[in-house]
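Undergrad: Pasting target14.txt below, which is compact mmCIF, C-alpha atoms (C1' of nucleotides).
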# COMPACT_ATOMS: atom_id res chain seq x y z
CA MET A 145 10.43 -14.14 23.80
CA ALA A 146 10.81 -16.34 20.78
CA ASN A 147 8.89 -18.91 22.74
CA CYS A 148 6.13 -16.53 23.71
CA ASP A 149 5.83 -15.37 20.15
CA SER A 150 5.56 -18.88 18.94
CA VAL A 151 2.87 -19.74 21.43
CA ALA A 152 0.97 -16.59 20.63
CA ALA A 153 1.18 -17.29 16.95
CA ARG A 154 -0.15 -20.78 17.37
CA THR A 155 -2.93 -19.56 19.57
CA ARG A 156 -3.92 -16.96 17.06
CA ALA A 157 -3.88 -19.51 14.29
CA ARG A 158 -5.96 -21.94 16.28
CA LEU A 159 -8.56 -19.40 17.22
CA LEU A 160 -9.07 -18.43 13.63
CA GLN A 161 -8.74 -22.00 12.36
CA LEU A 162 -6.29 -20.70 9.86
CA GLU A 163 -4.40 -23.87 9.05
CA ARG A 164 -1.05 -22.52 8.11
CA ARG A 165 1.46 -24.80 6.54
CA SER A 166 5.17 -24.85 7.06
CA LEU A 167 6.91 -22.35 4.86
CA LEU A 168 10.09 -24.36 4.90
CA ASP A 169 8.34 -27.50 3.71
CA GLU A 170 6.64 -25.54 0.99
CA LEU A 171 9.91 -24.08 -0.18
CA MET A 172 11.60 -27.45 -0.23
CA SER A 173 8.76 -29.04 -2.12
CA LYS A 174 9.07 -26.33 -4.73
CA GLY A 175 12.76 -26.88 -5.15
CA VAL A 176 13.76 -23.52 -3.77
CA ARG A 177 17.38 -23.18 -2.78
CA LEU A 178 17.55 -23.11 0.99
CA THR A 179 20.20 -20.72 2.17
CA ALA A 180 20.94 -19.96 5.78
CA GLN A 181 19.38 -16.53 5.38
CA ARG A 182 16.15 -17.88 3.97
CA ARG A 183 15.82 -20.41 6.75
CA ILE A 184 16.19 -17.68 9.31
CA LEU A 185 13.79 -15.26 7.68
CA VAL A 186 11.20 -17.91 7.01
CA GLU A 187 11.36 -19.16 10.55
CA ILE A 188 10.83 -15.68 11.91
CA ILE A 189 7.86 -15.01 9.68
CA GLN A 190 6.35 -18.37 10.48
CA ASN A 191 6.52 -17.90 14.23
CA ALA A 192 5.80 -14.20 14.47
CA SER A 193 2.96 -13.21 16.72
CA ASN A 194 2.57 -9.82 15.10
CA HIS A 195 2.52 -8.72 11.54
CA LEU A 196 6.09 -7.96 10.64
CA ASP A 197 7.41 -5.09 8.62
CA VAL A 198 10.75 -5.23 6.88
CA ALA A 199 12.56 -3.32 9.62
CA ALA A 200 11.31 -5.65 12.34
CA LEU A 201 12.09 -8.70 10.28
CA LEU A 202 15.56 -7.44 9.53
CA LYS A 203 16.28 -6.56 13.13
CA GLU A 204 15.14 -9.92 14.41
CA ALA A 205 17.08 -11.73 11.71
CA GLN A 206 20.23 -9.83 12.56
CA THR A 207 20.13 -11.07 16.13
CA ARG A 208 20.76 -14.51 14.66
CA GLU A 209 23.03 -13.64 11.78
CA SER A 210 24.33 -10.13 12.00
CA SER A 211 25.44 -9.92 8.39
CA ILE A 212 21.96 -10.27 6.93
CA ASP A 213 21.14 -7.31 4.75
CA ARG A 214 18.03 -5.33 4.03
CA ALA A 215 18.27 -6.31 0.38
CA THR A 216 18.12 -9.99 1.24
CA VAL A 217 15.03 -9.42 3.32
CA TYR A 218 13.33 -7.65 0.44
CA ARG A 219 14.40 -10.31 -2.01
CA THR A 220 13.20 -13.12 0.20
CA ILE A 221 9.87 -11.42 0.77
CA ASP A 222 9.53 -10.99 -2.93
CA LEU A 223 10.19 -14.67 -3.46
CA LEU A 224 7.64 -15.72 -0.87
CA LYS A 225 5.10 -13.36 -2.34
CA ARG A 226 5.55 -14.72 -5.82
CA LEU A 227 5.17 -18.24 -4.52
CA ARG A 228 2.04 -17.02 -2.74
CA LEU A 229 3.26 -18.25 0.61
CA ILE A 230 2.87 -14.93 2.35
CA ASP A 231 0.42 -12.06 2.12
CA GLU A 232 1.33 -8.42 2.04
CA LEU A 233 -0.69 -5.96 4.10
CA ASP A 234 -0.51 -2.29 4.75
CA LEU A 235 -2.86 -2.24 7.73
CA MET A 236 -4.50 0.94 6.54
CA HIS A 237 -1.21 2.84 6.77
CA LEU A 238 -1.65 3.33 10.48
CA ASN A 239 2.11 3.65 10.76
CA GLY A 240 3.38 5.05 7.52
CA GLU A 241 3.62 3.50 4.12
CA LYS A 242 5.48 0.35 4.96
CA HIS A 243 4.16 -3.13 4.39
CA TYR A 244 3.54 -5.99 6.73
CA TYR A 245 3.75 -9.68 6.04
CA GLU A 246 2.14 -12.83 7.32
CA VAL A 247 2.01 -16.46 6.35
CA LYS A 248 -0.78 -17.12 3.92
CA THR A 249 -3.56 -19.18 5.34
CA ARG A 250 -5.81 -21.58 3.58
CA ARG A 251 -8.93 -19.66 4.44
CA ASP A 252 -8.37 -15.98 3.90
CA HIS A 253 -9.05 -13.71 6.78
CA LEU A 254 -9.29 -9.97 7.03
CA HIS A 255 -7.80 -7.23 9.14
CA LEU A 256 -9.57 -4.59 11.16
CA ALA A 257 -7.37 -1.61 11.93
CA CYS A 258 -8.54 0.77 14.64
CA PHE A 259 -7.70 4.36 13.76
CA GLU A 260 -7.89 5.33 17.41
CA CYS A 261 -5.89 2.78 19.35
CA GLY A 262 -4.00 1.34 16.41
CA ARG A 263 -4.81 -2.23 17.28
CA ILE A 264 -5.22 -4.82 14.55
CA GLU A 265 -7.93 -7.42 14.83
CA GLU A 266 -8.17 -10.44 12.61
CA PHE A 267 -11.48 -11.76 11.46
CA ALA A 268 -12.55 -14.78 9.49
CA THR A 269 -15.97 -15.69 8.19
CA PRO A 270 -17.40 -18.04 5.59
CA LEU A 271 -18.99 -14.98 4.01
CA PHE A 272 -15.58 -13.92 2.78
CA GLU A 273 -15.16 -17.21 0.97
CA GLU A 274 -18.65 -16.89 -0.47
CA LEU A 275 -17.83 -13.42 -1.67
CA LYS A 276 -14.73 -14.66 -3.42
CA ALA A 277 -16.70 -17.47 -4.98
CA GLU A 278 -19.25 -15.01 -6.28
CA ILE A 279 -16.54 -12.84 -7.75
CA SER A 280 -15.09 -15.76 -9.64
CA ARG A 281 -18.46 -16.98 -10.80
CA ARG A 282 -19.79 -13.67 -12.01
CA SER A 283 -16.65 -12.10 -13.43
CA GLY A 284 -14.69 -15.15 -14.52
CA PHE A 285 -11.73 -13.85 -12.59
CA GLN A 286 -9.36 -16.45 -11.19
CA ILE A 287 -8.45 -15.21 -7.72
CA GLN A 288 -4.90 -15.70 -6.56
CA VAL A 289 -4.71 -13.12 -3.80
CA ALA A 290 -7.53 -11.44 -1.92
CA ARG A 291 -6.87 -8.74 0.57
CA LEU A 292 -9.55 -7.09 2.63
CA GLU A 293 -8.51 -4.39 5.03
CA VAL A 294 -10.92 -2.40 7.10
CA GLY A 295 -10.35 0.81 9.02
CA GLY A 296 -12.53 2.32 11.72
CA ARG A 297 -13.09 2.16 15.43
CA CYS A 298 -12.82 -1.00 17.45
CA ARG A 299 -15.36 -2.02 20.04
CA SER A 300 -13.40 -0.86 23.05
CA CYS A 301 -12.61 2.54 21.58
CA ARG A 302 -16.23 2.91 20.66
CA THR A 303 -17.49 2.19 24.16
CA ALA A 304 -14.73 4.31 25.65
CA ALA A 305 -15.84 7.21 23.48
CA ALA A 306 -19.49 6.62 24.34
CA SER A 307 -18.85 6.90 28.07
CA HIS A 308 -17.77 10.54 27.90
CA GLU A 309 -19.90 11.45 24.98
CA ASP A 310 -19.19 15.15 24.95
CA ARG A 311 -17.28 14.54 21.72
CA LYS A 312 -18.37 16.52 18.71
CA GLU A 313 -18.13 15.42 15.13
CA GLU A 314 -14.59 14.29 14.46
CA PRO A 315 -12.41 17.32 13.72
CA VAL A 316 -10.77 16.07 10.57
CA LEU A 317 -10.37 19.39 8.88
CA ARG A 318 -6.95 20.43 10.08
CA ASN A 319 -3.76 19.77 8.27
CA LYS A 320 -1.69 16.68 8.80
CA THR A 321 0.74 18.51 11.04
CA ALA A 322 -2.14 19.47 13.27
CA SER A 323 -3.69 16.03 13.34
CA ALA A 324 -0.47 14.29 14.31
CA MET B 183 -10.17 14.25 -23.76
CA ALA B 184 -11.55 15.86 -20.66
CA ASN B 185 -14.94 15.25 -22.21
CA CYS B 186 -14.25 11.63 -22.98
CA ASP B 187 -12.97 11.07 -19.48
CA SER B 188 -16.04 12.58 -18.03
CA VAL B 189 -18.33 10.46 -20.11
CA ALA B 190 -16.38 7.34 -19.34
CA ALA B 191 -16.47 8.12 -15.65
CA ARG B 192 -20.19 8.61 -15.68
CA THR B 193 -20.66 5.42 -17.62
CA ARG B 194 -18.59 3.50 -15.19
CA ALA B 195 -20.49 4.95 -12.27
CA ARG B 196 -23.80 4.18 -13.86
CA LEU B 197 -22.92 0.60 -14.65
CA LEU B 198 -21.93 -0.05 -11.09
CA GLN B 199 -24.75 2.05 -9.65
CA LEU B 200 -22.17 3.72 -7.51
CA GLU B 201 -23.96 6.94 -6.70
CA ARG B 202 -21.09 9.27 -6.25
CA ARG B 203 -21.73 12.67 -4.83
CA SER B 204 -20.07 15.91 -5.79
CA LEU B 205 -16.81 16.39 -4.00
CA LEU B 206 -17.09 20.14 -4.29
CA ASP B 207 -20.51 20.20 -2.68
CA GLU B 208 -19.25 17.98 0.09
CA LEU B 209 -16.30 20.23 0.73
CA MET B 210 -18.45 23.33 0.81
CA SER B 211 -20.93 21.75 3.15
CA LYS B 212 -18.10 20.92 5.51
CA GLY B 213 -16.81 24.45 5.50
CA VAL B 214 -13.56 23.60 3.76
CA ARG B 215 -11.68 26.54 2.31
CA LEU B 216 -11.99 26.38 -1.45
CA THR B 217 -8.79 27.42 -3.11
CA ALA B 218 -8.24 27.44 -6.84
CA GLN B 219 -5.94 24.46 -6.48
CA ARG B 220 -8.47 22.42 -4.60
CA ARG B 221 -11.17 23.15 -7.14
CA ILE B 222 -8.93 21.92 -9.91
CA LEU B 223 -7.74 18.80 -8.17
CA VAL B 224 -11.19 17.86 -7.00
CA GLU B 225 -12.64 18.32 -10.43
CA ILE B 226 -10.00 16.07 -11.95
CA ILE B 227 -10.55 13.33 -9.43
CA GLN B 228 -14.29 13.58 -9.78
CA ASN B 229 -14.25 13.20 -13.54
CA ALA B 230 -11.38 10.80 -13.97
CA SER B 231 -12.12 7.67 -15.92
CA ASN B 232 -9.16 5.81 -14.52
CA HIS B 233 -7.78 5.49 -11.07
CA LEU B 234 -5.32 8.31 -10.67
CA ASP B 235 -1.95 8.25 -9.03
CA VAL B 236 -0.31 11.37 -7.71
CA ALA B 237 1.89 11.81 -10.77
CA ALA B 238 -1.06 11.64 -13.15
CA LEU B 239 -3.12 13.95 -11.02
CA LEU B 240 -0.29 16.44 -10.79
CA LYS B 241 0.38 16.35 -14.49
CA GLU B 242 -3.24 16.87 -15.38
CA ALA B 243 -3.59 19.66 -12.84
CA GLN B 244 -0.56 21.43 -14.22
CA THR B 245 -2.12 21.64 -17.64
CA ARG B 246 -4.67 23.97 -16.05
CA GLU B 247 -2.48 25.76 -13.56
CA SER B 248 1.18 25.19 -14.15
CA SER B 249 2.31 26.35 -10.74
CA ILE B 250 0.56 23.59 -8.83
CA ASP B 251 3.01 21.64 -6.78
CA ARG B 252 3.40 18.03 -5.79
CA ALA B 253 3.05 19.01 -2.15
CA THR B 254 -0.35 20.56 -2.73
CA VAL B 255 -1.52 17.42 -4.43
CA TYR B 256 -0.41 15.30 -1.51
CA ARG B 257 -1.95 17.71 0.97
CA THR B 258 -5.25 17.81 -0.86
CA ILE B 259 -5.39 14.06 -1.13
CA ASP B 260 -4.71 13.83 2.54
CA LEU B 261 -7.56 16.20 3.26
CA LEU B 262 -10.00 14.28 1.09
CA LYS B 263 -8.93 11.04 2.68
CA ARG B 264 -9.48 12.35 6.17
CA LEU B 265 -12.90 13.60 5.17
CA ARG B 266 -13.52 10.15 3.72
CA LEU B 267 -14.43 11.55 0.35
CA ILE B 268 -11.93 9.49 -1.56
CA ASP B 269 -10.53 5.97 -1.24
CA GLU B 270 -6.92 5.03 -1.53
CA LEU B 271 -5.99 1.93 -3.50
CA ASP B 272 -2.77 0.26 -4.41
CA LEU B 273 -4.22 -2.03 -7.08
CA MET B 274 -2.05 -4.91 -5.93
CA HIS B 275 1.11 -2.96 -6.71
CA LEU B 276 0.88 -3.87 -10.36
CA ASN B 277 2.89 -0.75 -11.14
CA GLY B 278 5.12 -0.04 -8.19
CA GLU B 279 4.30 1.14 -4.73
CA LYS B 280 2.32 4.22 -5.57
CA HIS B 281 -1.26 4.78 -4.57
CA TYR B 282 -4.34 5.43 -6.61
CA TYR B 283 -7.37 7.46 -5.71
CA GLU B 284 -11.03 7.45 -6.54
CA VAL B 285 -14.14 9.15 -5.30
CA LYS B 286 -15.73 7.22 -2.52
CA THR B 287 -19.02 5.68 -3.47
CA ARG B 288 -21.98 5.00 -1.29
CA ARG B 289 -21.87 1.29 -1.89
CA ASP B 290 -18.34 0.04 -1.66
CA HIS B 291 -17.02 -1.86 -4.59
CA LEU B 292 -13.90 -3.88 -5.07
CA HIS B 293 -11.05 -4.05 -7.54
CA LEU B 294 -9.83 -7.02 -9.51
CA ALA B 295 -6.27 -6.59 -10.75
CA CYS B 296 -5.09 -8.95 -13.46
CA PHE B 297 -1.44 -9.88 -12.96
CA GLU B 298 -1.14 -10.79 -16.62
CA CYS B 299 -2.66 -7.94 -18.59
CA GLY B 300 -2.66 -5.38 -15.81
CA ARG B 301 -6.26 -4.45 -16.31
CA ILE B 302 -8.38 -3.35 -13.37
CA GLU B 303 -11.97 -4.49 -13.13
CA GLU B 304 -14.46 -3.09 -10.70
CA PHE B 305 -17.03 -5.25 -9.07
CA ALA B 306 -19.94 -4.60 -6.76
CA THR B 307 -22.18 -7.06 -4.98
CA PRO B 308 -24.60 -6.99 -2.07
CA LEU B 309 -22.48 -9.75 -0.55
CA PHE B 310 -19.80 -7.18 0.18
CA GLU B 311 -22.25 -5.09 2.15
CA GLU B 312 -23.43 -8.20 3.98
CA LEU B 313 -19.89 -9.07 4.82
CA LYS B 314 -19.28 -5.64 6.27
CA ALA B 315 -22.48 -5.87 8.27
CA GLU B 316 -21.39 -9.21 9.67
CA ILE B 317 -18.03 -7.78 10.65
CA SER B 318 -19.67 -4.96 12.55
CA ARG B 319 -22.19 -7.23 14.18
CA ARG B 320 -19.77 -9.90 15.31
CA SER B 321 -16.75 -7.82 16.23
CA GLY B 322 -18.35 -4.57 17.31
CA PHE B 323 -16.05 -2.74 14.93
CA GLN B 324 -17.38 0.48 13.45
CA ILE B 325 -16.28 0.43 9.81
CA GLN B 326 -15.19 3.71 8.26
CA VAL B 327 -13.18 2.44 5.31
CA ALA B 328 -13.26 -0.98 3.68
CA ARG B 329 -10.89 -1.88 0.94
CA LEU B 330 -10.97 -5.18 -0.89
CA GLU B 331 -8.42 -5.75 -3.59
CA VAL B 332 -8.05 -8.96 -5.50
CA GLY B 333 -5.23 -10.16 -7.69
CA GLY B 334 -5.26 -12.96 -10.20
CA ARG B 335 -6.11 -13.65 -13.79
CA CYS B 336 -8.99 -12.04 -15.59
CA ARG B 337 -11.38 -13.96 -17.78
CA SER B 338 -9.83 -13.01 -21.07
CA CYS B 339 -6.30 -13.86 -19.97
CA ARG B 340 -7.57 -17.13 -18.65
CA THR B 341 -9.23 -18.15 -21.89
CA ALA B 342 -6.26 -16.86 -23.86
CA ALA B 343 -3.99 -19.06 -21.79
CA ALA B 344 -6.33 -22.02 -22.14
CA SER B 345 -6.25 -21.89 -25.93
CA HIS B 346 -2.55 -22.67 -26.18
CA GLU B 347 -2.39 -24.75 -23.08
CA ASP B 348 1.19 -25.86 -23.43
CA ARG B 349 1.96 -23.64 -20.44
CA LYS B 350 3.57 -25.31 -17.49
CA GLU B 351 3.14 -24.32 -13.88
CA GLU B 352 3.86 -20.63 -13.56
CA PRO B 353 7.60 -20.12 -13.36
CA VAL B 354 7.65 -17.89 -10.30
CA LEU B 355 10.97 -18.98 -8.94
CA ARG B 356 13.28 -16.54 -10.64
CA ASN B 357 14.36 -13.26 -9.24
CA LYS B 358 12.48 -10.05 -9.76
CA THR B 359 14.83 -8.92 -12.49
CA ALA B 360 14.03 -12.07 -14.40
CA SER B 361 10.29 -11.80 -13.89
CA ALA B 362 10.06 -8.23 -15.12
C1' DC C 248 -6.97 41.39 8.27
C1' DT C 249 -5.30 37.03 9.60
C1' DG C 250 -4.72 32.47 9.72
C1' DA C 251 -5.06 28.63 6.41
C1' DT C 252 -2.90 27.23 2.22
C1' DT C 253 0.63 27.32 -1.19
C1' DG C 254 5.23 26.69 -3.73
C1' DC C 255 9.69 25.64 -3.24
C1' DA C 256 13.45 23.10 -1.92
C1' DA C 257 15.23 19.91 0.88
C1' DA C 258 14.67 15.92 3.75
C1' DG C 259 12.86 11.43 4.79
C1' DA C 260 11.04 6.74 4.34
C1' DA C 261 10.62 2.58 1.76
C1' DT C 262 12.30 -0.14 -1.74
C1' DT C 263 15.30 -1.50 -5.65
C1' DT C 264 19.53 -2.33 -8.17
C1' DG C 265 24.49 -3.15 -10.03
C1' DC C 266 28.28 -5.52 -9.00
C1' DA C 267 31.83 -8.32 -7.00
C1' DC C 268 31.95 -12.12 -3.98
C1' DT C 269 30.15 -16.31 -1.54
C1' DG C 270 28.18 -20.71 -0.99
C1' DC C 271 24.52 -24.34 -2.43
C1' DT C 272 23.92 -28.55 -4.89
C1' DA D 194 32.32 -26.04 -11.26
C1' DG D 195 28.70 -23.07 -12.05
C1' DC D 196 25.16 -20.28 -11.20
C1' DA D 197 21.75 -18.63 -7.75
C1' DG D 198 21.96 -15.90 -3.81
C1' DT D 199 24.24 -12.37 -0.85
C1' DG D 200 26.15 -7.97 1.07
C1' DC D 201 27.25 -3.49 0.21
C1' DA D 202 26.51 1.02 -1.30
C1' DA D 203 24.35 3.88 -4.27
C1' DA D 204 20.22 5.00 -6.68
C1' DT D 205 15.20 5.38 -7.27
C1' DT D 206 10.61 6.14 -6.10
C1' DC D 207 7.14 7.94 -3.33
C1' DT D 208 5.89 11.05 0.32
C1' DT D 209 6.50 14.60 3.90
C1' DT D 210 8.04 18.96 5.92
C1' DG D 211 9.85 23.84 7.20
C1' DC D 212 9.38 28.22 5.87
C1' DA D 213 8.40 32.58 3.60
C1' DA D 214 4.99 34.36 0.49
C1' DT D 215 0.09 34.42 -0.82
C1' DC D 216 -4.82 34.11 -0.77
C1' DA D 217 -9.70 33.15 0.78
C1' DG D 218 -13.19 34.52 3.74
I'd like the structure from this file rewritten - as structure tokens, please.
TA:
Amino acid sequence: MANCDSVAARTRARLLQLERRSLLDELMSKGVRLTAQRRILVEIIQNASNHLDVAALLKEAQTRESSIDRATVYRTIDLLKRLRLIDELDLMHLNGEKHYYEVKTRRDHLHLACFECGRIEEFATPLFEELKAEISRRSGFQIQVARLEVGGRCRSCRTAAASHEDRKEEPVLRNKTASA
Amino acid sequence: MANCDSVAARTRARLLQLERRSLLDELMSKGVRLTAQRRILVEIIQNASNHLDVAALLKEAQTRESSIDRATVYRTIDLLKRLRLIDELDLMHLNGEKHYYEVKTRRDHLHLACFECGRIEEFATPLFEELKAEISRRSGFQIQVARLEVGGRCRSCRTAAASHEDRKEEPVLRNKTASA
DNA sequence: CTGATTGCAAAGAATTTGCACTGCT
DNA sequence: AGCAGTGCAAATTCTTTGCAATCAG
């Protein structure tokens, strides 16, 4: 499974031309202390095929080193965030308030979260880079992190809904308990 | 202060040409039950000059109706979110993990959060709309919510830093406790 | 009237922290 | 050796929920 994940991750990266760099190399070049725990966590994040939340990251890490603690995961994530090596996402809160993490890529990309099927699509376009450039130019803001998350209905859910189009307007009025 | 807020809010909306609509009217037109609590909360959100978090919203609401509860605030926010009348932001977690809310505008705008001074700038550009159009066109995704948040250094912090440019590379290595 | 909405209190989820101990360099 | 990093357990912060009472339509 680690292998599959790794392959999937590379495929994903290639398709999007995302040009990730090695987290470990980055850490070393910045003089960060490389503990066993950090190596493990960083390796998992680097090779993950999905966006990882803390629970998933912790669980996977514990299969390799059972003593690893939640706190270490949070602290490592915090370190990587501050070094701007990973991005933090919430994927439109499709599954609660937790956060997800992924290796930062040279060209930012964005995430499309389908409210119906829950799938996450990634999307990259030069327009995003242009937009960031315009922001900097017009507002004088120096961009360090840019996060664009989109929620809606993916193509397949849309066509699926169109086929039996007896659907009325979405019934969003009920309380959360009812909508769950 | 309610007056000032209202004026500020209108000014902000005008500057960005954001064309907000009345939340109350929207709710009525959708047949939503209008309780006293909802009127109050909706009015506060509508006229707020800043982005409100739940605590601020609750506190303000309680000045008008002291019995209003946290739970009602969360439930009302949830309702407004599902009706897509408000947007949820986290403003790059500059102040913890809480969320902020604002009335949804016809043309989406984005938020620039300065990591140094903590100020939030709003920014609107046709490029954002173009970007969304391109996403829909190329991926077939039907966009219902789009949230772009940017973190970095605002113009004034940048020029302030430039003036006494003895600064080294940002010292991001230390632990959270140290960075706070 | 009657079901949707509320307040209350308690639970739950996500994240952070203090402290003694461990392990890089 | 010395201090950054870790594990543990408790604390904090933010959000949700079950239930009896209340209110809008």
Undergrad: Go through A:Arg302, A:Arg208, A:His255, A:Arg219 and flag the residue nearest chain C, using all atoms listed in the file for the distances.
TA: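 For chain C, the nearest of the given residues is A:Arg219.
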Undergrad: Write out as a PyMOL selection string every residue belonging to chain B that has an atom at most 12 Å from any atom of chain D, counting only C-alpha atoms (C1' of nucleotides).
TA: chain B and resi 213-219+235-237+252-257+259-260+277-281+355-357
Undergrad: For atom CA of Leu313 of chain B and atom CA of Glu246 of chain A, determine how far apart the two atoms are, in Å to one decimal place.
TA: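 Interatomic distance here is 22.5 Å.
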Undergrad: Would you kindly report the residues of chain A within 8 Å of chain B, using all atoms listed in the file, as a ChimeraX atom specification?
TA: /A:176,219,222-223,226-227,256,267,271-272,275,279,283-299,302,316-317,319-320
Undergrad: How many Å lie between atom CA of Glu311 of chain B and atom CA of Thr287 of chain B, rounded to one decimal?
TA: 12.6 Å
Undergrad: For the interface of segment 249-338 of chain B with segment 249-272 of chain C (cut-off 8 Å, counting all atoms listed in the file), please tabulate each contacting residue of segment 249-338 of chain B alongside its nearest pair of atoms and their separation in Å to one decimal, rows sorted by chain and increasing number, as JSON lines.
TA:
{"residue": "B:Ser249", "atom": "CA", "partner": "C:DG254", "partner_atom": "C1'", "distance": 7.6}
{"residue": "B:Ile250", "atom": "CA", "partner": "C:DG254", "partner_atom": "C1'", "distance": 7.6}
{"residue": "B:Asp251", "atom": "CA", "partner": "C:DG254", "partner_atom": "C1'", "distance": 6.3}
{"residue": "B:Thr254", "atom": "CA", "partner": "C:DT253", "partner_atom": "C1'", "distance": 7.0}
Undergrad: If we count only C-alpha atoms (C1' of nucleotides) and set the cut-off at 8 Å, which residues sit around Ala243 of chain B, ignoring sequence neighbours fewer than 5 positions away in its own chain? Please answer as a list in words.
TA: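 Contacts, in chain order: Ile222, Leu223, Ile226, Ser248 and Ile250 of chain B.
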Undergrad: Work out how far apart atom CA of Leu239 of chain B and atom CA of Glu225 of chain B are and give it in Å to one decimal.
TA: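 Computing it gives 10.5 Å between the two atoms.
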